[in-house]
$ cat model-v9.csv   # CSV, C-alpha atoms
chain,number,residue,atom,x,y,z
A,789,MET,CA,-17.2,-31.5,20.6
A,790,GLU,CA,-18.2,-33.0,17.3
A,791,ARG,CA,-21.6,-31.4,17.6
A,792,ALA,CA,-20.1,-28.0,18.3
A,793,ARG,CA,-17.9,-28.3,15.3
A,794,GLY,CA,-20.9,-29.2,13.2
A,795,GLY,CA,-22.5,-25.9,14.3
A,796,ASP,CA,-24.9,-27.2,17.0
A,797,PRO,CA,-25.7,-24.1,19.1
A,798,ARG,CA,-26.5,-26.2,22.1
A,799,ALA,CA,-23.1,-27.8,22.1
A,800,PHE,CA,-21.5,-24.4,21.7
A,801,GLU,CA,-23.5,-23.1,24.7
A,802,GLU,CA,-22.2,-26.0,26.8
A,803,ILE,CA,-18.6,-25.1,25.9
A,804,VAL,CA,-19.3,-21.5,26.9
A,805,ARG,CA,-20.9,-22.4,30.2
A,806,SER,CA,-18.0,-24.8,31.0
A,807,HIS,CA,-15.1,-22.5,30.3
A,808,ALA,CA,-16.4,-18.9,30.7
A,809,ASP,CA,-15.5,-18.5,34.3
A,810,ALA,CA,-11.9,-19.7,34.0
A,811,THR,CA,-11.5,-17.7,30.9
A,812,TYR,CA,-12.7,-14.6,32.7
A,813,ARG,CA,-10.2,-15.3,35.6
A,814,ILE,CA,-7.3,-15.5,33.2
A,815,ALA,CA,-8.4,-12.3,31.4
A,816,ALA,CA,-9.0,-10.5,34.6
A,817,ALA,CA,-5.5,-11.3,35.9
A,818,MET,CA,-3.9,-10.5,32.5
A,819,ILE,CA,-5.7,-7.2,31.7
A,820,GLY,CA,-7.8,-6.2,34.7
A,821,ALA,CA,-11.4,-6.9,35.6
A,822,SER,CA,-12.7,-3.8,33.8
A,823,HIS,CA,-11.6,-5.2,30.4
A,824,ALA,CA,-11.9,-8.9,31.2
A,825,GLU,CA,-15.5,-9.4,30.0
A,826,ASP,CA,-14.7,-7.8,26.6
A,827,VAL,CA,-11.8,-10.2,26.3
A,828,VAL,CA,-13.9,-13.2,27.1
A,829,GLN,CA,-16.6,-12.2,24.6
A,830,GLU,CA,-13.9,-11.8,21.9
A,831,THR,CA,-12.4,-15.1,22.9
A,832,PHE,CA,-15.6,-17.0,22.5
A,833,LEU,CA,-16.4,-15.3,19.2
A,834,ARG,CA,-13.1,-16.5,17.9
A,835,VAL,CA,-13.7,-20.0,19.4
A,836,HIS,CA,-17.1,-20.0,17.6
A,837,ARG,CA,-15.5,-19.1,14.3
A,838,GLY,CA,-12.5,-21.4,14.7
A,839,LEU,CA,-14.3,-24.5,15.9
A,840,PRO,CA,-14.7,-26.0,12.4
A,841,ARG,CA,-11.0,-25.7,12.0
A,842,PHE,CA,-10.1,-27.0,15.5
A,843,ARG,CA,-8.4,-30.4,14.9
A,844,GLY,CA,-8.5,-31.5,18.5
A,845,GLU,CA,-4.7,-31.9,18.7
A,846,SER,CA,-4.8,-30.2,22.1
A,847,ARG,CA,-7.5,-30.1,24.8
A,848,LEU,CA,-10.3,-27.8,24.0
A,849,ARG,CA,-9.7,-25.8,27.2
A,850,THR,CA,-6.0,-25.4,26.3
A,851,TRP,CA,-7.1,-24.0,22.9
A,852,ILE,CA,-9.6,-21.6,24.5
A,853,TYR,CA,-7.1,-20.4,27.1
A,854,ARG,CA,-4.5,-19.9,24.4
A,855,ILE,CA,-6.9,-17.7,22.5
A,856,ALA,CA,-7.8,-15.8,25.7
A,857,THR,CA,-4.2,-15.3,26.5
A,858,ASN,CA,-3.4,-14.0,23.0
A,859,VAL,CA,-6.4,-11.6,23.0
A,860,SER,CA,-5.5,-10.3,26.5
A,861,LEU,CA,-1.8,-9.8,25.5
A,862,THR,CA,-2.8,-8.0,22.3
A,863,ARG,CA,-5.2,-5.7,24.1
A,864,ARG,CA,-2.7,-5.1,26.8
A,865,GLY,CA,-0.1,-4.1,24.3
A,866,ARG,CA,-2.7,-1.9,22.5
A,867,MET,CA,-3.7,-0.1,25.6
A,868,ALA,CA,-1.7,2.9,26.5
A,869,ALA,CA,1.3,1.7,28.5
A,870,ARG,CA,0.7,2.8,32.0
A,871,PRO,CA,4.0,2.7,34.0
A,872,ALA,CA,3.7,0.6,37.1
A,873,GLU,CA,4.1,2.5,40.3
A,874,PRO,CA,7.0,1.4,42.5
A,875,LEU,CA,6.0,-0.2,45.7
A,876,GLY,CA,8.9,1.2,47.8
A,877,ASP,CA,7.0,4.1,49.3
A,878,ALA,CA,3.9,2.1,50.3
A,879,ASP,CA,3.2,1.5,53.9
A,880,PRO,CA,3.6,-2.1,55.2
A,881,VAL,CA,0.3,-3.8,55.0
A,882,SER,CA,-1.0,-5.4,58.2
A,883,THR,CA,-2.2,-9.0,57.9
A,884,ALA,CA,-3.9,-9.1,61.2
A,885,PRO,CA,-7.7,-9.4,60.9
A,886,GLY,CA,-9.5,-6.5,62.3
A,887,PRO,CA,-12.5,-4.3,61.6
A,888,ASP,CA,-11.0,-3.2,58.3
A,889,ALA,CA,-10.0,-6.6,57.3
A,890,GLU,CA,-11.8,-6.4,54.0
A,891,SER,CA,-10.3,-3.1,53.0
A,892,VAL,CA,-6.8,-4.4,54.1
A,893,THR,CA,-7.3,-7.4,51.8
A,894,GLU,CA,-8.3,-5.2,49.0
A,895,GLU,CA,-5.2,-3.1,49.6
A,896,ARG,CA,-3.1,-6.1,49.6
A,897,LYS,CA,-4.6,-7.4,46.4
A,898,ALA,CA,-3.9,-4.0,44.8
A,899,LEU,CA,-0.3,-4.3,45.9
A,900,LEU,CA,-0.1,-7.8,44.5
A,901,ARG,CA,-1.5,-6.7,41.2
A,902,ARG,CA,0.9,-3.8,40.9
A,903,ALA,CA,3.8,-6.2,41.8
A,904,LEU,CA,2.5,-8.6,39.1
A,905,ASP,CA,2.4,-5.7,36.6
A,906,GLN,CA,6.1,-5.1,37.1
A,907,LEU,CA,7.0,-8.5,35.8
A,908,PRO,CA,8.0,-9.0,32.2
A,909,GLU,CA,5.0,-10.1,30.0
A,910,HIS,CA,6.3,-13.6,29.4
A,911,GLN,CA,6.8,-14.2,33.2
A,912,ARG,CA,3.5,-12.7,34.1
A,913,ALA,CA,1.6,-15.0,31.8
A,914,VAL,CA,3.3,-18.1,33.3
A,915,VAL,CA,2.4,-16.9,36.9
A,916,ILE,CA,-1.2,-16.2,36.0
A,917,LEU,CA,-1.8,-19.5,34.3
A,918,ARG,CA,0.2,-21.6,36.7
A,919,VAL,CA,-0.6,-20.0,40.0
A,920,ILE,CA,-3.8,-18.0,39.6
A,921,GLU,CA,-5.6,-20.5,37.4
A,922,GLY,CA,-3.8,-23.5,38.9
A,923,LEU,CA,-2.8,-25.2,35.6
A,924,SER,CA,0.1,-27.6,35.3
A,925,PHE,CA,3.4,-26.6,33.9
A,926,GLU,CA,2.7,-28.9,31.0
A,927,GLU,CA,-0.5,-27.2,30.1
A,928,THR,CA,0.9,-23.7,30.8
A,929,ALA,CA,3.7,-24.4,28.4
A,930,ARG,CA,1.3,-25.6,25.8
A,931,ILE,CA,-0.9,-22.5,26.1
A,932,LEU,CA,2.0,-20.2,25.8
A,933,GLY,CA,3.6,-22.2,23.0
A,934,ILE,CA,6.8,-22.8,25.0
A,935,ARG,CA,8.6,-25.8,26.4
A,936,ARG,CA,7.9,-27.0,29.9
A,937,PRO,CA,11.5,-26.2,31.2
A,938,THR,CA,11.1,-22.7,29.9
A,939,ALA,CA,7.9,-22.3,31.7
A,940,GLU,CA,9.5,-23.6,34.9
A,941,SER,CA,12.5,-21.3,34.7
A,942,ARG,CA,10.2,-18.3,34.0
A,943,MET,CA,8.2,-19.2,37.0
A,944,ALA,CA,11.3,-19.4,39.2
A,945,ARG,CA,12.5,-16.0,38.0
A,946,ALA,CA,9.1,-14.5,38.4
A,947,LYS,CA,8.9,-15.7,42.0
A,948,ASP,CA,12.3,-14.3,42.8
A,949,ARG,CA,11.4,-11.0,41.4
A,950,LEU,CA,8.0,-10.9,43.2
A,951,ARG,CA,9.8,-11.7,46.5
A,952,GLN,CA,12.2,-8.8,45.9
A,953,ILE,CA,9.3,-6.5,45.2
A,954,LEU,CA,6.9,-7.6,48.0
A,955,GLU,CA,9.3,-8.2,50.9
A,956,PRO,CA,9.7,-4.5,51.8
A,957,VAL,CA,5.9,-4.0,51.9
A,958,ILE,CA,4.5,-7.3,53.1
A,959,GLY,CA,7.2,-8.4,55.5
A,960,ALA,CA,10.0,-10.9,55.3
A,961,GLU,CA,8.5,-13.4,57.8
A,962,GLU,CA,5.4,-13.8,55.7
A,963,MET,CA,7.5,-14.3,52.5
A,964,ALA,CA,9.7,-16.9,54.1
B,79,MET,CA,19.2,-49.6,72.2
B,80,THR,CA,17.6,-47.3,69.9
B,81,GLY,CA,17.4,-43.6,70.4
B,82,PRO,CA,14.4,-41.5,70.0
B,83,ILE,CA,13.2,-41.3,66.5
B,84,ASP,CA,13.1,-37.8,65.1
B,85,PRO,CA,9.7,-36.8,64.0
B,86,PRO,CA,9.4,-36.6,60.2
B,87,PRO,CA,9.8,-33.1,58.9
B,88,PRO,CA,6.5,-31.4,58.3
B,89,PRO,CA,5.3,-31.5,54.7
B,90,PRO,CA,6.4,-28.4,52.9
B,91,GLY,CA,3.7,-25.8,53.0
B,92,PRO,CA,2.4,-23.9,50.0
B,93,ASP,CA,4.8,-21.5,48.5
B,94,PRO,CA,4.1,-18.1,50.2
B,95,ILE,CA,4.3,-16.3,46.9
B,96,GLU,CA,1.9,-18.7,45.3
B,97,ALA,CA,-0.4,-18.4,48.3
B,98,LEU,CA,-0.4,-14.6,48.0
B,99,LEU,CA,-1.0,-14.6,44.3
B,100,GLY,CA,-3.8,-17.2,44.7
B,101,SER,CA,-5.8,-14.4,46.3
B,102,LEU,CA,-5.9,-12.7,43.0
B,103,ARG,CA,-8.3,-15.2,41.5
B,104,ALA,CA,-11.2,-13.1,40.4
B,105,ASP,CA,-14.8,-14.3,40.6
B,106,ALA,CA,-16.6,-14.3,37.3
B,107,PRO,CA,-19.7,-11.9,37.3
B,108,ALA,CA,-23.1,-13.5,37.3
B,109,GLY,CA,-24.7,-14.1,34.0
B,110,LEU,CA,-21.4,-14.0,32.1
B,111,ALA,CA,-22.1,-17.0,30.0
B,112,ASP,CA,-25.5,-15.6,28.8
B,113,ARG,CA,-23.9,-12.3,27.9
B,114,ILE,CA,-21.2,-14.2,26.0
B,115,LEU,CA,-23.7,-16.2,24.0
B,116,ALA,CA,-25.7,-13.1,23.2
B,117,ALA,CA,-22.5,-11.2,22.1
B,118,VAL,CA,-21.3,-14.1,19.9
B,119,HIS,CA,-24.4,-13.9,17.8
B,120,ASP,CA,-24.4,-10.1,17.7
B,121,PRO,CA,-22.9,-8.8,14.5
B,122,ALA,CA,-21.8,-5.6,16.2
B,123,LEU,CA,-19.1,-7.5,18.1
B,124,ALA,CA,-17.8,-9.1,14.9
B,125,VAL,CA,-17.7,-5.7,13.2
B,126,ARG,CA,-15.9,-4.2,16.2
B,127,ILE,CA,-13.4,-7.0,16.2
B,128,PHE,CA,-12.9,-6.6,12.5
B,129,TRP,CA,-12.0,-2.9,12.9
B,130,ASP,CA,-9.9,-3.6,15.9
B,131,GLU,CA,-7.9,-6.1,13.8
B,132,ALA,CA,-7.7,-3.7,10.9
B,133,GLY,CA,-6.3,-1.0,13.2
B,134,LEU,CA,-3.9,-3.4,14.7
B,135,ILE,CA,-2.6,-4.5,11.3
B,136,ALA,CA,-2.3,-0.8,10.2
B,137,ARG,CA,-0.3,0.0,13.3
B,138,ARG,CA,2.0,-3.0,12.7
B,139,LEU,CA,2.5,-2.0,9.1
B,140,LEU,CA,3.0,1.7,9.8
B,141,PRO,CA,6.6,1.4,11.0
B,142,LEU,CA,7.4,-0.8,8.0
B,143,ALA,CA,5.9,1.8,5.7
B,144,LEU,CA,7.9,4.5,7.3
B,145,VAL,CA,11.1,2.5,7.0
B,146,LEU,CA,10.4,1.9,3.3
B,147,LEU,CA,9.6,5.5,2.7
B,148,LEU,CA,12.8,6.6,4.4
B,149,GLY,CA,14.8,4.0,2.5
B,150,ALA,CA,13.3,5.1,-0.9
B,151,SER,CA,14.0,8.8,0.0
B,152,ALA,CA,17.6,8.0,0.8
B,153,VAL,CA,18.1,6.1,-2.5
B,154,VAL,CA,16.5,9.0,-4.5
B,155,GLY,CA,18.6,11.5,-2.6
B,156,TRP,CA,21.8,9.5,-3.1
B,157,SER,CA,21.1,9.1,-6.8
B,158,PHE,CA,20.4,12.8,-7.2
B,159,LEU,CA,23.7,13.7,-5.4
B,160,ARG,CA,25.6,11.2,-7.4
B,161,SER,CA,24.3,12.5,-10.7
B,162,ARG,CA,25.1,16.0,-9.7
B,163,ALA,CA,28.6,15.0,-8.8
B,164,THR,CA,29.0,13.3,-12.2
B,165,ASP,CA,27.8,16.4,-14.1
B,166,ASP,CA,30.2,18.6,-12.1
B,167,ALA,CA,33.1,16.3,-13.1
B,168,VAL,CA,32.1,16.4,-16.8
B,169,ASP,CA,31.9,20.2,-16.6
B,170,ARG,CA,35.3,20.5,-15.0
B,171,SER,CA,36.9,18.2,-17.6
B,172,THR,CA,35.3,20.2,-20.5
B,173,ILE,CA,36.7,23.5,-19.1
B,174,GLU,CA,40.2,22.1,-18.7
B,175,LEU,CA,40.2,21.0,-22.3
B,176,GLU,CA,39.8,24.5,-23.6
B,177,PRO,CA,42.9,26.6,-24.0
B,178,PRO,CA,43.3,29.5,-21.6
B,179,ILE,CA,42.4,32.8,-23.1
B,180,ASP,CA,45.3,35.3,-22.9
B,181,VAL,CA,43.9,38.8,-22.6
B,182,PRO,CA,46.7,41.4,-23.1
B,183,THR,CA,46.5,44.3,-20.7
B,184,GLU,CA,48.6,46.7,-22.8
B,185,ALA,CA,49.9,47.0,-26.3
B,186,PRO,CA,53.0,45.0,-26.9
B,187,VAL,CA,56.2,47.0,-26.8
B,188,PRO,CA,58.2,46.7,-30.1
B,189,ASP,CA,61.6,45.2,-29.7
B,190,PRO,CA,64.1,48.1,-30.3
B,191,ASP,CA,66.7,45.8,-31.7
B,192,PRO,CA,65.1,42.9,-33.3
B,193,ASP,CA,67.4,40.2,-34.5
B,194,PRO,CA,67.9,40.6,-38.2
B,195,GLU,CA,66.5,37.8,-40.1
B,196,PRO,CA,69.2,35.5,-41.3
B,197,GLU,CA,70.1,35.9,-44.8
B,198,PRO,CA,68.8,33.0,-46.8
B,199,GLU,CA,71.5,30.8,-47.9
B,200,PRO,CA,72.3,31.2,-51.6
B,201,ASP,CA,70.8,28.6,-53.6
B,202,GLU,CA,73.1,26.0,-54.6
B,203,ILE,CA,71.4,25.5,-57.9
B,204,ARG,CA,72.0,28.8,-59.5
B,205,ILE,CA,72.5,29.1,-63.1
B,206,GLU,CA,74.1,32.1,-64.4
B,207,HIS,CA,74.4,33.0,-68.1
B,208,LEU,CA,77.0,35.1,-69.3
B,209,VAL,CA,76.0,37.2,-72.2
B,210,ARG,CA,78.8,38.7,-74.1
B,211,SER,CA,78.1,41.8,-75.9
B,212,THR,CA,79.9,42.4,-78.9
B,213,ALA,CA,78.7,45.9,-79.4
B,214,GLY,CA,80.9,47.7,-76.8
B,215,ALA,CA,84.4,47.7,-75.9
B,216,ASP,CA,83.8,46.9,-72.4
B,217,GLU,CA,82.5,43.6,-71.4
B,218,LEU,CA,79.0,43.5,-69.8
B,219,VAL,CA,78.3,40.7,-67.4
B,220,VAL,CA,74.6,40.1,-66.6
B,221,ALA,CA,73.6,37.6,-64.1
B,222,VAL,CA,70.2,36.1,-64.7
B,223,SER,CA,68.6,34.0,-62.1
B,224,LEU,CA,66.1,31.4,-62.7
B,225,PHE,CA,64.5,32.2,-59.3
B,226,PRO,CA,63.1,35.7,-59.6
B,227,ASP,CA,62.1,35.9,-55.8
B,228,GLU,CA,65.6,35.7,-54.8
B,229,ASP,CA,66.8,37.9,-57.4
B,230,ARG,CA,67.3,41.2,-55.7

$ encode --input "model-v9.csv" --output "structure tokens"
Amino acid sequence: MERARGGDPRAFEEIVRSHADATYRIAAAMIGASHAEDVVQETFLRVHRGLPRFRGESRLRTWIYRIATNVSLTRRGRMAARPAEPLGDADPVSTAPGPDAESVTEERKALLRRALDQLPEHQRAVVILRVIEGLSFEETARILGIRRPTAESRMARAKDRLRQILEPVIGAEEMA
Amino acid sequence: MTGPIDPPPPPPGPDPIEALLGSLRADAPAGLADRILAAVHDPALAVRIFWDEAGLIARRLLPLALVLLLGASAVVGWSFLRSRATDDAVDRSTIELEPPIDVPTEAPVPDPDPDPEPEPEPDEIRIEHLVRSTAGADELVVAVSLFPDEDR
């Protein structure tokens, strides 16, 4: 860390290799895979510039994820707002494995992404960091600059909303 | 005697919503770190980010600039209307101060029987001199007034 702050390119390379994949996952969930790599590049450019000023008050990965989240949210807001399609008319998705299991999985992922897109931004960010990236509530709250109870309540509301959205298309038994 | 012991409840499984969402974890593309390292040292990325940020700031400031412009226009318009209203009030007060001009439509008809002017009261101070002529037999009385205007 100290070497990276001092401008050691090898140290910075280690940071990139350690955190690039997770940063990509966050960005892909936030903004979509087609823009995720741009977000990751911009994130690490900001990390490179900001390292001399990084005081180490939080974990390095928390700081990097925070930058990635902010860059993703900024880009998402800048992109033309595309209204999310309602899921009500979609056919129920079969979960039984079959010859088209891969395409069914892709279809289900698309449904999940559209359901996630219907959440308010502040709830979506909590779900992505907590569930998709598997961070603790404590770290999720630190990344988003909120208190832990706020993160927990946002998560609970997001799950309720997702259950309402997904039950008609995925099936109540699977959501139970 | 002890009855059969209930089996412990099964441990709660993963939240179904969380399990579903977990499938959205994307795999990072191969060679991502190398491309990041190349991009970080590429000035083109820095330039692009600079212009992106400049555009973002401009977009954020645009509504503020519009609000300021509208506010300034409203103030100027209000001042203009207010000054006009003040000028109108001054004009109205000036017109009211002037006496109305009476334009006769026809020649005035003379009064057929105007009231005679009252005779001036005889002056109290009136000095009459009696001049006695001694030439004739009859007496001649001449009244001489000291006020020739009234002497008619």

$ closest_atom_pairs --input "model-v9.csv" --of "chain A" --to "chain B" --cutoff "9 Å" --atoms "all atoms listed in the file" --output "CSV"
residue,atom,partner,partner_atom,distance
A:Phe800,CA,B:Leu115,CA,8.8
A:Glu801,CA,B:Leu115,CA,6.9
A:Val804,CA,B:Ala111,CA,6.1
A:Arg805,CA,B:Ala111,CA,5.5
A:Ser806,CA,B:Ala111,CA,8.9
A:His807,CA,B:Ala111,CA,8.9
A:Ala808,CA,B:Ala111,CA,6.0
A:Asp809,CA,B:Ala106,CA,5.3
A:Ala810,CA,B:Ala106,CA,7.9
A:Thr811,CA,B:Ala106,CA,8.9
A:Tyr812,CA,B:Ala106,CA,6.0
A:Arg813,CA,B:Ala104,CA,5.4
A:Ile814,CA,B:Arg103,CA,8.4
A:Ala816,CA,B:Ala104,CA,6.7
A:Ala817,CA,B:Leu102,CA,7.2
A:Ala821,CA,B:Ala104,CA,7.8
A:Glu825,CA,B:Leu110,CA,7.8
A:Val828,CA,B:Ile114,CA,7.4
A:Gln829,CA,B:Ile114,CA,5.2
A:Glu830,CA,B:Ile127,CA,7.5
A:Phe832,CA,B:Val118,CA,6.9
A:Leu833,CA,B:Val118,CA,5.1
A:Arg834,CA,B:Val118,CA,8.8
A:His836,CA,B:Val118,CA,7.6
A:Thr862,CA,B:Leu134,CA,9.0
A:Arg866,CA,B:Leu134,CA,8.0
A:Lys897,CA,B:Leu102,CA,6.4
A:Leu900,CA,B:Leu99,CA,6.9
A:Arg901,CA,B:Leu102,CA,7.7
A:Leu904,CA,B:Leu99,CA,8.7
A:Val915,CA,B:Leu99,CA,8.5
A:Ile916,CA,B:Leu99,CA,8.5
A:Val919,CA,B:Glu96,CA,6.0
A:Ile920,CA,B:Gly100,CA,5.2
A:Glu921,CA,B:Arg103,CA,7.2
A:Gly922,CA,B:Gly100,CA,8.6
A:Lys947,CA,B:Ile95,CA,6.7
A:Leu950,CA,B:Ile95,CA,7.5
A:Arg951,CA,B:Ile95,CA,7.2
A:Glu962,CA,B:Pro94,CA,7.1
A:Met963,CA,B:Pro94,CA,5.6
A:Ala964,CA,B:Pro94,CA,6.9

$ atom_distance --input "model-v9.csv" --atom1 "atom CA of Leu147 of chain B" --atom2 "atom CA of Gly133 of chain B"
20.1 Å

$ residues_around --input "model-v9.csv" --residues "Arg930 of chain A" --least-positions-apart "4" --cutoff "10 Å" --atoms "only C-alpha atoms" --output "list in words"
Ser846, Arg847, Thr850, Trp851, Tyr853, Arg854, Ser924, Phe925, Glu926, Ile934, Arg935, Arg936 and Ala939 of chain A

$ residues_around --input "model-v9.csv" --residues "Leu861 of chain A" --least-positions-apart "5" --cutoff "10 Å" --atoms "all atoms listed in the file" --output "PyMOL selection string"
chain A and resi 815+818-819+855-856+866-867+909-910+913

$ write_last_selection --input "model-v9.csv" --atoms "C-alpha atoms" --output "CSV table (one decimal), in the coordinates of the input"
chain,number,residue,atom,x,y,z
A,815,ALA,CA,-8.4,-12.3,31.4
A,818,MET,CA,-3.9,-10.5,32.5
A,819,ILE,CA,-5.7,-7.2,31.7
A,855,ILE,CA,-6.9,-17.7,22.5
A,856,ALA,CA,-7.8,-15.8,25.7
A,866,ARG,CA,-2.7,-1.9,22.5
A,867,MET,CA,-3.7,-0.1,25.6
A,909,GLU,CA,5.0,-10.1,30.0
A,910,HIS,CA,6.3,-13.6,29.4
A,913,ALA,CA,1.6,-15.0,31.8

$ atom_distance --input "model-v9.csv" --atom1 "atom CA of Arg841 of chain A" --atom2 "atom CA of Arg793 of chain A"
8.1 Å

$ closest_residue --input "model-v9.csv" --among "A:Thr831, A:Thr928, A:Leu917, A:Leu839" --to "Gly794 of chain A" --atoms "only C-alpha atoms"
A:Leu839

$ atom_distance --input "model-v9.csv" --atom1 "atom CA of Val827 of chain A" --atom2 "atom CA of Asn858 of chain A"
9.8 Å

$ decode --input "model-v9.csv" --residues "segment 797-832 of chain A" --atoms "C-alpha atoms" --output "PDB file, in the first residue's frame"
ATOM      1  CA  PRO A 797       3.960   0.798 -10.613  1.00  0.00           C
ATOM      2  CA  ARG A 798       4.405  -2.806  -9.469  1.00  0.00           C
ATOM      3  CA  ALA A 799       2.420  -2.118  -6.326  1.00  0.00           C
ATOM      4  CA  PHE A 800      -0.344  -0.476  -8.305  1.00  0.00           C
ATOM      5  CA  GLU A 801      -0.425  -3.460 -10.670  1.00  0.00           C
ATOM      6  CA  GLU A 802      -0.933  -5.746  -7.677  1.00  0.00           C
ATOM      7  CA  ILE A 803      -3.866  -3.631  -6.556  1.00  0.00           C
ATOM      8  CA  VAL A 804      -5.437  -3.808 -10.009  1.00  0.00           C
ATOM      9  CA  ARG A 805      -5.002  -7.562 -10.281  1.00  0.00           C
ATOM     10  CA  SER A 806      -6.446  -8.102  -6.802  1.00  0.00           C
ATOM     11  CA  HIS A 807      -9.565  -5.990  -7.217  1.00  0.00           C
ATOM     12  CA  ALA A 808     -10.337  -5.799 -10.927  1.00  0.00           C
ATOM     13  CA  ASP A 809     -12.683  -8.791 -11.079  1.00  0.00           C
ATOM     14  CA  ALA A 810     -14.815  -7.783  -8.102  1.00  0.00           C
ATOM     15  CA  THR A 811     -14.946  -4.215  -9.357  1.00  0.00           C
ATOM     16  CA  TYR A 812     -16.098  -5.533 -12.719  1.00  0.00           C
ATOM     17  CA  ARG A 813     -18.861  -7.601 -11.073  1.00  0.00           C
ATOM     18  CA  ILE A 814     -20.150  -4.578  -9.199  1.00  0.00           C
ATOM     19  CA  ALA A 815     -20.060  -2.435 -12.306  1.00  0.00           C
ATOM     20  CA  ALA A 816     -21.729  -5.105 -14.442  1.00  0.00           C
ATOM     21  CA  ALA A 817     -24.555  -5.475 -11.939  1.00  0.00           C
ATOM     22  CA  MET A 818     -24.952  -1.718 -11.621  1.00  0.00           C
ATOM     23  CA  ILE A 819     -24.768  -0.636 -15.211  1.00  0.00           C
ATOM     24  CA  GLY A 820     -24.659  -3.751 -17.394  1.00  0.00           C
ATOM     25  CA  ALA A 821     -21.839  -5.795 -18.830  1.00  0.00           C
ATOM     26  CA  SER A 822     -21.555  -3.674 -21.975  1.00  0.00           C
ATOM     27  CA  HIS A 823     -20.411  -0.622 -19.990  1.00  0.00           C
ATOM     28  CA  ALA A 824     -18.770  -2.386 -17.069  1.00  0.00           C
ATOM     29  CA  GLU A 825     -15.251  -2.428 -18.463  1.00  0.00           C
ATOM     30  CA  ASP A 826     -15.308   1.317 -19.108  1.00  0.00           C
ATOM     31  CA  VAL A 827     -16.432   1.832 -15.532  1.00  0.00           C
ATOM     32  CA  VAL A 828     -13.628  -0.360 -14.224  1.00  0.00           C
ATOM     33  CA  GLN A 829     -11.017   1.507 -16.261  1.00  0.00           C
ATOM     34  CA  GLU A 830     -12.281   4.853 -15.047  1.00  0.00           C
ATOM     35  CA  THR A 831     -12.383   3.536 -11.484  1.00  0.00           C
ATOM     36  CA  PHE A 832      -8.758   2.464 -11.529  1.00  0.00           C
TER      37      PHE A 832
END
